[in-house]
Structure formats: structure tokens, C-alpha cells
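Engineer: Pasting protein35.txt below, which is compact mmCIF, N, CA and C atoms.
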# COMPACT_ATOMS: atom_id res chain seq x y z
N PRO D 2 -66.25 -89.37 213.61
CA PRO D 2 -64.99 -89.94 213.13
C PRO D 2 -65.07 -90.31 211.65
N HIS D 3 -63.92 -90.39 211.04
CA HIS D 3 -63.83 -90.71 209.62
C HIS D 3 -62.62 -91.62 209.43
N GLY D 4 -62.77 -92.66 208.66
CA GLY D 4 -61.67 -93.57 208.38
C GLY D 4 -61.70 -94.80 209.27
N GLU D 5 -60.68 -95.61 209.14
CA GLU D 5 -60.57 -96.85 209.90
C GLU D 5 -59.99 -96.58 211.29
N ALA D 6 -60.67 -97.04 212.32
CA ALA D 6 -60.23 -96.79 213.69
C ALA D 6 -58.88 -97.44 214.00
N ASN D 7 -58.49 -98.46 213.25
CA ASN D 7 -57.22 -99.13 213.52
C ASN D 7 -56.09 -98.62 212.61
N ALA D 8 -56.30 -97.45 212.00
CA ALA D 8 -55.29 -96.86 211.13
C ALA D 8 -54.04 -96.51 211.93
N PRO D 9 -52.86 -96.58 211.31
CA PRO D 9 -51.63 -96.27 212.03
C PRO D 9 -51.45 -94.79 212.35
N VAL D 10 -52.24 -93.93 211.68
CA VAL D 10 -52.14 -92.48 211.90
C VAL D 10 -53.53 -91.97 212.29
N MET D 11 -53.55 -91.17 213.34
CA MET D 11 -54.79 -90.53 213.78
C MET D 11 -54.61 -89.03 213.71
N LEU D 12 -55.57 -88.37 213.09
CA LEU D 12 -55.54 -86.92 212.96
C LEU D 12 -56.69 -86.36 213.80
N LEU D 13 -56.36 -85.49 214.74
CA LEU D 13 -57.38 -84.87 215.58
C LEU D 13 -57.69 -83.48 215.07
N SER D 14 -58.97 -83.17 214.96
CA SER D 14 -59.37 -81.83 214.54
C SER D 14 -59.98 -81.09 215.72
N GLY D 15 -60.11 -79.80 215.56
CA GLY D 15 -60.67 -78.97 216.63
C GLY D 15 -62.18 -78.91 216.54
N ILE D 16 -62.73 -77.76 216.87
CA ILE D 16 -64.17 -77.56 216.83
C ILE D 16 -64.62 -77.62 215.37
N PRO D 17 -65.65 -78.41 215.07
CA PRO D 17 -66.11 -78.51 213.68
C PRO D 17 -66.58 -77.16 213.13
N ALA D 18 -66.15 -76.85 211.93
CA ALA D 18 -66.61 -75.65 211.22
C ALA D 18 -67.96 -75.97 210.60
N PRO D 19 -68.71 -74.95 210.19
CA PRO D 19 -70.02 -75.20 209.57
C PRO D 19 -69.95 -76.17 208.38
N GLU D 20 -68.90 -76.07 207.55
CA GLU D 20 -68.81 -76.99 206.41
C GLU D 20 -68.52 -78.42 206.86
N ASP D 21 -67.82 -78.58 207.99
CA ASP D 21 -67.58 -79.92 208.53
C ASP D 21 -68.91 -80.55 208.95
N VAL D 22 -69.70 -79.77 209.67
CA VAL D 22 -71.01 -80.24 210.13
C VAL D 22 -71.90 -80.56 208.95
N ALA D 23 -71.90 -79.69 207.94
CA ALA D 23 -72.73 -79.89 206.75
C ALA D 23 -72.37 -81.18 206.02
N GLU D 24 -71.07 -81.50 205.97
CA GLU D 24 -70.63 -82.72 205.28
C GLU D 24 -70.62 -83.94 206.20
N GLY D 25 -70.82 -83.72 207.50
CA GLY D 25 -70.83 -84.84 208.44
C GLY D 25 -69.46 -85.46 208.65
N ARG D 26 -68.42 -84.64 208.54
CA ARG D 26 -67.04 -85.13 208.71
C ARG D 26 -66.33 -84.26 209.74
N PRO D 27 -65.31 -84.80 210.40
CA PRO D 27 -64.56 -84.00 211.36
C PRO D 27 -63.82 -82.84 210.71
N ILE D 28 -63.39 -83.03 209.45
CA ILE D 28 -62.68 -81.98 208.70
C ILE D 28 -63.22 -82.01 207.27
N ALA D 29 -63.54 -80.82 206.73
CA ALA D 29 -64.03 -80.73 205.36
C ALA D 29 -63.52 -79.43 204.75
N GLY D 30 -63.81 -79.24 203.48
CA GLY D 30 -63.46 -78.00 202.81
C GLY D 30 -61.97 -77.73 202.76
N PRO D 31 -61.57 -76.46 202.86
CA PRO D 31 -60.16 -76.09 202.80
C PRO D 31 -59.30 -76.76 203.89
N ALA D 32 -59.88 -76.97 205.04
CA ALA D 32 -59.13 -77.63 206.12
C ALA D 32 -58.78 -79.07 205.75
N TRP D 33 -59.72 -79.76 205.05
CA TRP D 33 -59.45 -81.13 204.61
C TRP D 33 -58.37 -81.14 203.54
N THR D 34 -58.40 -80.16 202.65
CA THR D 34 -57.36 -80.05 201.63
C THR D 34 -56.00 -79.91 202.29
N LEU D 35 -55.91 -79.05 203.29
CA LEU D 35 -54.65 -78.87 204.02
C LEU D 35 -54.26 -80.16 204.74
N ALA D 36 -55.22 -80.81 205.37
CA ALA D 36 -54.93 -82.06 206.09
C ALA D 36 -54.40 -83.14 205.15
N THR D 37 -55.00 -83.26 203.96
CA THR D 37 -54.52 -84.27 203.01
C THR D 37 -53.10 -83.94 202.54
N ARG D 38 -52.79 -82.67 202.39
CA ARG D 38 -51.42 -82.28 202.02
C ARG D 38 -50.44 -82.60 203.14
N MET D 39 -50.86 -82.36 204.38
CA MET D 39 -49.99 -82.69 205.52
C MET D 39 -49.75 -84.19 205.59
N LEU D 40 -50.81 -84.97 205.40
CA LEU D 40 -50.66 -86.42 205.42
C LEU D 40 -49.74 -86.88 204.28
N ALA D 41 -49.93 -86.31 203.10
CA ALA D 41 -49.08 -86.67 201.95
C ALA D 41 -47.62 -86.35 202.24
N ALA D 42 -47.37 -85.26 202.96
CA ALA D 42 -45.99 -84.86 203.27
C ALA D 42 -45.28 -85.90 204.13
N ILE D 43 -46.05 -86.67 204.90
CA ILE D 43 -45.42 -87.72 205.72
C ILE D 43 -45.67 -89.11 205.13
N GLY D 44 -46.15 -89.12 203.86
CA GLY D 44 -46.31 -90.39 203.14
C GLY D 44 -47.53 -91.20 203.53
N VAL D 45 -48.59 -90.53 203.99
CA VAL D 45 -49.81 -91.23 204.41
C VAL D 45 -50.98 -90.80 203.52
N ALA D 46 -51.64 -91.76 202.92
CA ALA D 46 -52.84 -91.48 202.13
C ALA D 46 -53.98 -91.12 203.07
N PRO D 47 -54.85 -90.21 202.68
CA PRO D 47 -55.96 -89.80 203.55
C PRO D 47 -56.82 -90.97 204.03
N GLU D 48 -57.03 -91.95 203.15
CA GLU D 48 -57.84 -93.10 203.54
C GLU D 48 -57.13 -94.02 204.53
N ALA D 49 -55.84 -93.80 204.74
CA ALA D 49 -55.07 -94.60 205.70
C ALA D 49 -54.96 -93.91 207.05
N ALA D 50 -55.77 -92.88 207.27
CA ALA D 50 -55.74 -92.16 208.54
C ALA D 50 -57.12 -92.19 209.18
N TYR D 51 -57.14 -92.17 210.48
CA TYR D 51 -58.39 -92.08 211.25
C TYR D 51 -58.50 -90.64 211.70
N VAL D 52 -59.61 -89.99 211.38
CA VAL D 52 -59.81 -88.58 211.70
C VAL D 52 -60.94 -88.46 212.70
N ALA D 53 -60.68 -87.77 213.79
CA ALA D 53 -61.70 -87.57 214.82
C ALA D 53 -61.59 -86.15 215.35
N ALA D 54 -62.70 -85.63 215.83
CA ALA D 54 -62.72 -84.30 216.43
C ALA D 54 -62.36 -84.39 217.91
N ILE D 55 -61.68 -83.38 218.39
CA ILE D 55 -61.36 -83.32 219.82
C ILE D 55 -62.63 -83.16 220.62
N THR D 56 -63.60 -82.46 220.06
CA THR D 56 -64.86 -82.23 220.77
C THR D 56 -65.84 -83.36 220.49
N CYS D 57 -66.71 -83.60 221.44
CA CYS D 57 -67.71 -84.66 221.28
C CYS D 57 -69.05 -84.10 220.84
N PHE D 58 -69.09 -82.80 220.53
CA PHE D 58 -70.30 -82.15 220.05
C PHE D 58 -69.90 -80.91 219.28
N SER D 59 -70.81 -80.39 218.51
CA SER D 59 -70.55 -79.17 217.76
C SER D 59 -70.89 -77.99 218.64
N ALA D 60 -69.91 -77.19 218.99
CA ALA D 60 -70.11 -76.06 219.89
C ALA D 60 -70.44 -74.80 219.12
N ALA D 61 -71.26 -73.98 219.70
CA ALA D 61 -71.56 -72.67 219.11
C ALA D 61 -70.36 -71.76 219.36
N GLY D 62 -69.97 -71.00 218.36
CA GLY D 62 -68.83 -70.12 218.53
C GLY D 62 -67.53 -70.81 218.16
N SER D 63 -66.44 -70.13 218.43
CA SER D 63 -65.15 -70.67 218.01
C SER D 63 -64.28 -71.16 219.16
N ARG D 64 -64.76 -71.07 220.36
CA ARG D 64 -63.98 -71.54 221.51
C ARG D 64 -64.86 -72.36 222.44
N LEU D 65 -64.25 -73.32 223.10
CA LEU D 65 -64.96 -74.11 224.09
C LEU D 65 -64.62 -73.60 225.48
N ALA D 66 -65.60 -73.60 226.34
CA ALA D 66 -65.35 -73.28 227.74
C ALA D 66 -64.63 -74.45 228.39
N GLU D 67 -63.93 -74.20 229.46
CA GLU D 67 -63.17 -75.25 230.14
C GLU D 67 -64.06 -76.43 230.52
N ALA D 68 -65.27 -76.16 230.97
CA ALA D 68 -66.20 -77.24 231.34
C ALA D 68 -66.56 -78.09 230.13
N GLU D 69 -66.68 -77.47 228.95
CA GLU D 69 -66.99 -78.21 227.73
C GLU D 69 -65.82 -79.09 227.32
N VAL D 70 -64.62 -78.58 227.48
CA VAL D 70 -63.42 -79.38 227.18
C VAL D 70 -63.37 -80.59 228.10
N GLU D 71 -63.62 -80.38 229.38
CA GLU D 71 -63.62 -81.48 230.34
C GLU D 71 -64.69 -82.51 229.99
N ALA D 72 -65.85 -82.03 229.54
CA ALA D 72 -66.94 -82.94 229.18
C ALA D 72 -66.54 -83.85 228.02
N CYS D 73 -65.66 -83.38 227.17
CA CYS D 73 -65.23 -84.16 225.99
C CYS D 73 -64.01 -85.02 226.26
N ARG D 74 -63.35 -84.82 227.38
CA ARG D 74 -62.11 -85.54 227.69
C ARG D 74 -62.28 -87.06 227.60
N GLU D 75 -63.31 -87.59 228.21
CA GLU D 75 -63.51 -89.04 228.21
C GLU D 75 -63.73 -89.58 226.79
N SER D 76 -64.48 -88.85 225.99
CA SER D 76 -64.72 -89.26 224.61
C SER D 76 -63.40 -89.29 223.83
N LEU D 77 -62.59 -88.26 224.00
CA LEU D 77 -61.31 -88.19 223.31
C LEU D 77 -60.39 -89.33 223.75
N LEU D 78 -60.30 -89.56 225.05
CA LEU D 78 -59.45 -90.65 225.55
C LEU D 78 -59.95 -92.01 225.05
N HIS D 79 -61.27 -92.15 224.93
CA HIS D 79 -61.84 -93.40 224.40
C HIS D 79 -61.43 -93.58 222.94
N HIS D 80 -61.53 -92.53 222.14
CA HIS D 80 -61.09 -92.59 220.74
C HIS D 80 -59.62 -92.99 220.66
N LEU D 81 -58.79 -92.37 221.49
CA LEU D 81 -57.36 -92.68 221.46
C LEU D 81 -57.08 -94.12 221.86
N SER D 82 -57.78 -94.62 222.87
CA SER D 82 -57.53 -95.99 223.31
C SER D 82 -58.00 -97.01 222.27
N LEU D 83 -59.10 -96.72 221.60
CA LEU D 83 -59.59 -97.64 220.56
C LEU D 83 -58.70 -97.62 219.33
N ALA D 84 -58.28 -96.44 218.92
CA ALA D 84 -57.48 -96.32 217.71
C ALA D 84 -56.04 -96.77 217.95
N ALA D 85 -55.50 -96.45 219.11
CA ALA D 85 -54.11 -96.78 219.45
C ALA D 85 -53.17 -96.52 218.28
N PRO D 86 -53.18 -95.29 217.75
CA PRO D 86 -52.37 -95.01 216.56
C PRO D 86 -50.86 -95.01 216.85
N ALA D 87 -50.10 -95.34 215.84
CA ALA D 87 -48.64 -95.26 215.96
C ALA D 87 -48.21 -93.80 215.93
N ARG D 88 -48.96 -92.96 215.18
CA ARG D 88 -48.67 -91.52 215.08
C ARG D 88 -49.96 -90.74 215.29
N LEU D 89 -49.84 -89.63 216.00
CA LEU D 89 -50.98 -88.78 216.29
C LEU D 89 -50.67 -87.37 215.80
N LEU D 90 -51.54 -86.84 214.96
CA LEU D 90 -51.36 -85.48 214.43
C LEU D 90 -52.46 -84.59 214.95
How does this structure look as C-alpha cells?
Structural biologist:
Amino acid sequence: PHGEANAPVMLLSGIPAPEDVAEGRPIAGPAWTLATRMLAAIGVAPEAAYVAAITCFSAAGSRLAEAEVEACRESLLHHLSLAAPARLL
């Protein structure tokens, strides 16, 4: 996760890309640039958003198997309950 957990906006990312893993962030590189533009479009500064990955681990490949998605469900629901964002992207 990145940012303040009690932020009014939560941005969920998908499977971490290699640059995300390298930087230790849920979103990095060109995807982060796009995310900051999206946040700016709705009037939210990047530092005012909580960013978390949908997955609870870095998966090999570009798709998760159904069992892997299920394994991450509890982690995702826990993030959502802790953050309790007013808006979810």
C-alpha cells in the first residue's frame, strides 16, 4: 500500500508490473503517471489517495488463476474495511 489509509479516495491497482515491484509501490512508472492524471481530473492530489494492489502477492505472468484471486479476497476486503474510502477507483 501507498499513502494514508484514511484517505477519502482509494485507488486499487491490478497485478504489480516489474517496475512497481522494483520501486516497492502498487503503481509506478507510466501507470503512476496515468493514475496521477486521473486523480487530478477529479480534483484529488496523489498524496491524498490511498493506493493498494488487488493482489496480496506479486504473481508470475499477467493473469491470476481463480484460486489466487480467492486467496487475495480477504486481504482486499481488509484493506477496504480499514480505509473505508468515500470514493473507490
Engineer: Which distance in Å separates atom CA of D:Pro17 and atom CA of D:Glu75, to one decimal?
Structural biologist: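 According to the coordinates, atom CA of D:Pro17 and atom CA of D:Glu75 are separated by 18.1 Å.
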Engineer: Could you give me, as a short mmCIF file (atom, residue, chain, number, x, y, z; two decimals) with N, CA and C atoms, keeping the file's coordinate frame, the residues within 8 Å of stretch 79-86 of chain D, counting only N, CA and C atoms and dropping anything in the same chain fewer than 3 positions from it?
Structural biologist:
data_model
loop_
_atom_site.label_atom_id
_atom_site.label_comp_id
_atom_site.auth_asym_id
_atom_site.auth_seq_id
_atom_site.Cartn_x
_atom_site.Cartn_y
_atom_site.Cartn_z
N GLU D 5 -60.68 -95.61 209.14
CA GLU D 5 -60.57 -96.85 209.90
C GLU D 5 -59.99 -96.58 211.29
N ALA D 6 -60.67 -97.04 212.32
CA ALA D 6 -60.23 -96.79 213.69
C ALA D 6 -58.88 -97.44 214.00
N ASN D 7 -58.49 -98.46 213.25
CA ASN D 7 -57.22 -99.13 213.52
C ASN D 7 -56.09 -98.62 212.61
N ALA D 8 -56.30 -97.45 212.00
CA ALA D 8 -55.29 -96.86 211.13
C ALA D 8 -54.04 -96.51 211.93
N PRO D 9 -52.86 -96.58 211.31
CA PRO D 9 -51.63 -96.27 212.03
C PRO D 9 -51.45 -94.79 212.35
N VAL D 10 -52.24 -93.93 211.68
CA VAL D 10 -52.14 -92.48 211.90
C VAL D 10 -53.53 -91.97 212.29
N MET D 11 -53.55 -91.17 213.34
CA MET D 11 -54.79 -90.53 213.78
C MET D 11 -54.61 -89.03 213.71
N TYR D 51 -57.14 -92.17 210.48
CA TYR D 51 -58.39 -92.08 211.25
C TYR D 51 -58.50 -90.64 211.70
N ALA D 53 -60.68 -87.77 213.79
CA ALA D 53 -61.70 -87.57 214.82
C ALA D 53 -61.59 -86.15 215.35
N CYS D 73 -65.66 -83.38 227.17
CA CYS D 73 -65.23 -84.16 225.99
C CYS D 73 -64.01 -85.02 226.26
N ARG D 74 -63.35 -84.82 227.38
CA ARG D 74 -62.11 -85.54 227.69
C ARG D 74 -62.28 -87.06 227.60
N GLU D 75 -63.31 -87.59 228.21
CA GLU D 75 -63.51 -89.04 228.21
C GLU D 75 -63.73 -89.58 226.79
N SER D 76 -64.48 -88.85 225.99
CA SER D 76 -64.72 -89.26 224.61
C SER D 76 -63.40 -89.29 223.83
N LEU D 89 -49.84 -89.63 216.00
CA LEU D 89 -50.98 -88.78 216.29
C LEU D 89 -50.67 -87.37 215.80
#
Engineer: Could you please write out, as a ChimeraX atom specification, every residue of stretch 5-35 of chain D that DSSP assigns to strand (DSSP E or B)?
Structural biologist: /D:10-14
Engineer: Compare D:Ala32, D:Asp21, D:Thr56, D:Ala50 by their minimum atom-to-atom distance to D:Glu69, counting all atoms listed in the file, and give me the closest one.
Structural biologist: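 Ranked by minimum distance to D:Glu69, first place goes to D:Thr56.
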Engineer: Please, what distance in Å, to one decimal, runs between atom CA of D:Ile43 and atom CA of D:Ile55?
Structural biologist: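 These two atoms are separated by 21.7 Å.
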Engineer: List every residue of chain D that DSSP, applied to the backbone of this structure, places in helix (DSSP H, G or I), and write the result as an MDAnalysis selection string.
Structural biologist: chainID D and resid 19:24 30:42 47:49 67:84
Engineer: In Å to one decimal, how far is atom CA of D:Ala87 from atom N of D:Leu13?
Structural biologist: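 Rounded to one decimal, the two atoms are 12.5 Å apart.
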Engineer: I need the residue nearest D:Val22 from this list: D:Leu65, D:Ala54, D:Leu90, D:Ala72. Use only C-alpha atoms for the distance.
Structural biologist: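 Ranking D:Leu65, D:Ala54, D:Leu90, D:Ala72 by distance to D:Val22, first place goes to D:Ala54.
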Engineer: Any idea what's packed within 12 Å of D:Trp33, counting only C-alpha atoms, ignoring anything in its chain fewer than 6 positions away? Could you give it as a short mmCIF file (atom, residue, chain, number, x, y, z; two decimals) with N, CA and C atoms, in the frame of the given file?
Structural biologist:
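Produced file around-v7.cif, reproduced below:
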data_model
loop_
_atom_site.label_atom_id
_atom_site.label_comp_id
_atom_site.auth_asym_id
_atom_site.auth_seq_id
_atom_site.Cartn_x
_atom_site.Cartn_y
_atom_site.Cartn_z
N HIS D 3 -63.92 -90.39 211.04
CA HIS D 3 -63.83 -90.71 209.62
C HIS D 3 -62.62 -91.62 209.43
N LEU D 12 -55.57 -88.37 213.09
CA LEU D 12 -55.54 -86.92 212.96
C LEU D 12 -56.69 -86.36 213.80
N LEU D 13 -56.36 -85.49 214.74
CA LEU D 13 -57.38 -84.87 215.58
C LEU D 13 -57.69 -83.48 215.07
N SER D 14 -58.97 -83.17 214.96
CA SER D 14 -59.37 -81.83 214.54
C SER D 14 -59.98 -81.09 215.72
N PRO D 17 -65.65 -78.41 215.07
CA PRO D 17 -66.11 -78.51 213.68
C PRO D 17 -66.58 -77.16 213.13
N ALA D 18 -66.15 -76.85 211.93
CA ALA D 18 -66.61 -75.65 211.22
C ALA D 18 -67.96 -75.97 210.60
N GLU D 20 -68.90 -76.07 207.55
CA GLU D 20 -68.81 -76.99 206.41
C GLU D 20 -68.52 -78.42 206.86
N ASP D 21 -67.82 -78.58 207.99
CA ASP D 21 -67.58 -79.92 208.53
C ASP D 21 -68.91 -80.55 208.95
N GLU D 24 -71.07 -81.50 205.97
CA GLU D 24 -70.63 -82.72 205.28
C GLU D 24 -70.62 -83.94 206.20
N ARG D 26 -68.42 -84.64 208.54
CA ARG D 26 -67.04 -85.13 208.71
C ARG D 26 -66.33 -84.26 209.74
N PRO D 27 -65.31 -84.80 210.40
CA PRO D 27 -64.56 -84.00 211.36
C PRO D 27 -63.82 -82.84 210.71
N MET D 39 -50.86 -82.36 204.38
CA MET D 39 -49.99 -82.69 205.52
C MET D 39 -49.75 -84.19 205.59
N LEU D 40 -50.81 -84.97 205.40
CA LEU D 40 -50.66 -86.42 205.42
C LEU D 40 -49.74 -86.88 204.28
N PRO D 47 -54.85 -90.21 202.68
CA PRO D 47 -55.96 -89.80 203.55
C PRO D 47 -56.82 -90.97 204.03
N VAL D 52 -59.61 -89.99 211.38
CA VAL D 52 -59.81 -88.58 211.70
C VAL D 52 -60.94 -88.46 212.70
#
Engineer: Box for stretch 82-89 of chain D: with edges along x, y and z, all listed atoms inside and 3 Å added on each side, what are the centre and edge lengths in Å to one decimal, as AutoDock Vina command-line options?
Structural biologist:
--center_x -53.9 --center_y -92.5 --center_z 219.2 --size_x 17.4 --size_y 16.3 --size_z 14.2
